[in-house]
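For reference, the structure discussed in these notes is given below.
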Amino acid sequence: MKILIMDSSYLMYKSFFAFKNKHLTVEKNGETIRTSSIFGFIREIIKLKRLNYDFIICVFDTKPYLKKEKYESYKEGRKNNIPELNQEIDIIKAILVDLKIPCLYATGHEGEEVASALINILNNTNSVDFYTNDEDCYALISNKTKLITTNKELNIVYFEKNELKLKYNVTPKQFVEFKILTGCSTDHVKGVTGIGPKNATILINKFNTVNNIINNLNKIKKTNPKIAEKIEKAIKDNDIEKSRFLTRIENPNEIIRFSLKNRIKYTNILDYIEAYSLTKGQNRLILKNIRNKQKDLFKTIRKEIKWKTIKK
């Protein structure tokens, strides 16, 4: 079976800011409802369905993150809450629920960690791709899993082992160690100050792991004392262990499926927000096909994942 997992939090933000200069809106009962993310999200699902995936799963971030509880600086400076987007999130989830696309999350975990757990569960008997733009997820790439996204020209882009080798000259397994050294500026993770991708690649290819690098500091001092000094400082300041903790993808113990006590037909929702372009012609047929295919395979996937369902 060919399965697609979608980093839904990423896609919602991507769709929201794609229309930052002119948001799509609809007026209902004196209330303005923004619909940019809804249009972008459902349009992307329709596009990806054309790649013949048998089943789609959507994963979501759930705040507060456990990582942030330990290190307050994690993801510092990011906009944690966009009130205008919250309303769209609820509408998107309602549409997904009726389409029989599981909305999965884990308390305190990011979507990529839920995806990692799902990939481990499903990869034994399926090929599983992950839709995301998060570089940390390069570690999830394998012979059965590739990353997928769309670029500014709205073309489908795949990222596999070969692409990772060309970009950083490391394997997916080595990439975990690579990120400990380089950190992640987007997530406010320092890593080893002064060691960028070029030096990180050299060190990882020579010693394979960060622990091996630390154990061979005396050798490194002889050939590159400045690099050794930077590593020693990062050890002293606890930056390496902090980076190790914050850049790792930790699989959650329990996966939860979001559902609704009162389900609403996705066609009614799309008509209500006047998303007529999504309910006509080819798009209408694709959404209908998605729902039928999801419904047929829903119980099979549920047995494999063993999620817990919470209705709201």
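Simple scheme: letters A, B, ... for chains in structure tokens order, numbers from 1 for residues in each chain, numbers from 1 for ligands in the order shown.
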Per residue of segment 8-86 of chain A within 10 Å of segment 249-273 of chain A, note the shortest atom pair and the distance in Å to one decimal, counting only C-alpha atoms, and order the rows by chain and increasing residue number, as a tab-separated table.
residue	atom	partner	partner_atom	distance
A:Thr25	CA	A:Ile273	CA	8.4
A:Val26	CA	A:Ile273	CA	6.2
A:Glu27	CA	A:Ile273	CA	8.4
A:Lys28	CA	A:Ile273	CA	8.1
A:Ile33	CA	A:Ile273	CA	7.8
A:Arg34	CA	A:Ile273	CA	9.0
A:Thr35	CA	A:Ile273	CA	7.4
A:Ile38	CA	A:Leu270	CA	9.1
A:Phe39	CA	A:Leu270	CA	9.3
A:Ile42	CA	A:Leu270	CA	9.9
A:Cys58	CA	A:Arg257	CA	9.8
A:Val59	CA	A:Arg257	CA	9.2
A:Phe60	CA	A:Phe258	CA	9.9
A:Lys67	CA	A:Glu250	CA	9.9
At a cut-off of 8 Å, using only C-alpha atoms, what residues contact segment 191-195 of chain A? Leave out same-chain residues fewer than 6 positions from it and give the result as a ChimeraX atom specification.
/A:179-184,227,230-231,234,239-240,242-243
Compile a residue-level contact table for segment 42-132 of chain A against segment 278-300 of chain A at a cut-off of 7 Å, reporting for every qualifying residue the shortest atom pair and its distance in Å to one decimal, with only C-alpha atoms counted, rows ordered by chain and ascending number, as JSON lines.
{"residue": "A:Ile46", "atom": "CA", "partner": "A:Ile286", "partner_atom": "CA", "distance": 6.5}
{"residue": "A:Phe55", "atom": "CA", "partner": "A:Gln294", "partner_atom": "CA", "distance": 6.0}
{"residue": "A:Leu99", "atom": "CA", "partner": "A:Arg291", "partner_atom": "CA", "distance": 4.6}
{"residue": "A:Lys100", "atom": "CA", "partner": "A:Gln294", "partner_atom": "CA", "distance": 5.5}
{"residue": "A:Ile101", "atom": "CA", "partner": "A:Gln294", "partner_atom": "CA", "distance": 6.5}
Counting only C-alpha atoms, which residue out of A:Leu48, A:Ile310, A:Ala200, A:Leu246 sits closest to Ser73 of chain A?
A:Leu246
So that I can see what lies close to Leu4 of chain A, please list as a ChimeraX atom specification the residues with an atom at most 12 Å from it, counting only C-alpha atoms and leaving out residues fewer than 5 positions away in the same chain.
/A:45,48-59,101-102,115,118-119,122-123,126-132,144-149,294
Taking only C-alpha atoms into account, name the residue in A:Lys226, A:Lys311, A:Lys206, A:His109 that is nearest to Lys63 of chain A.
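Using only C-alpha atoms, the shortest distance to Lys63 of chain A belongs to A:His109.
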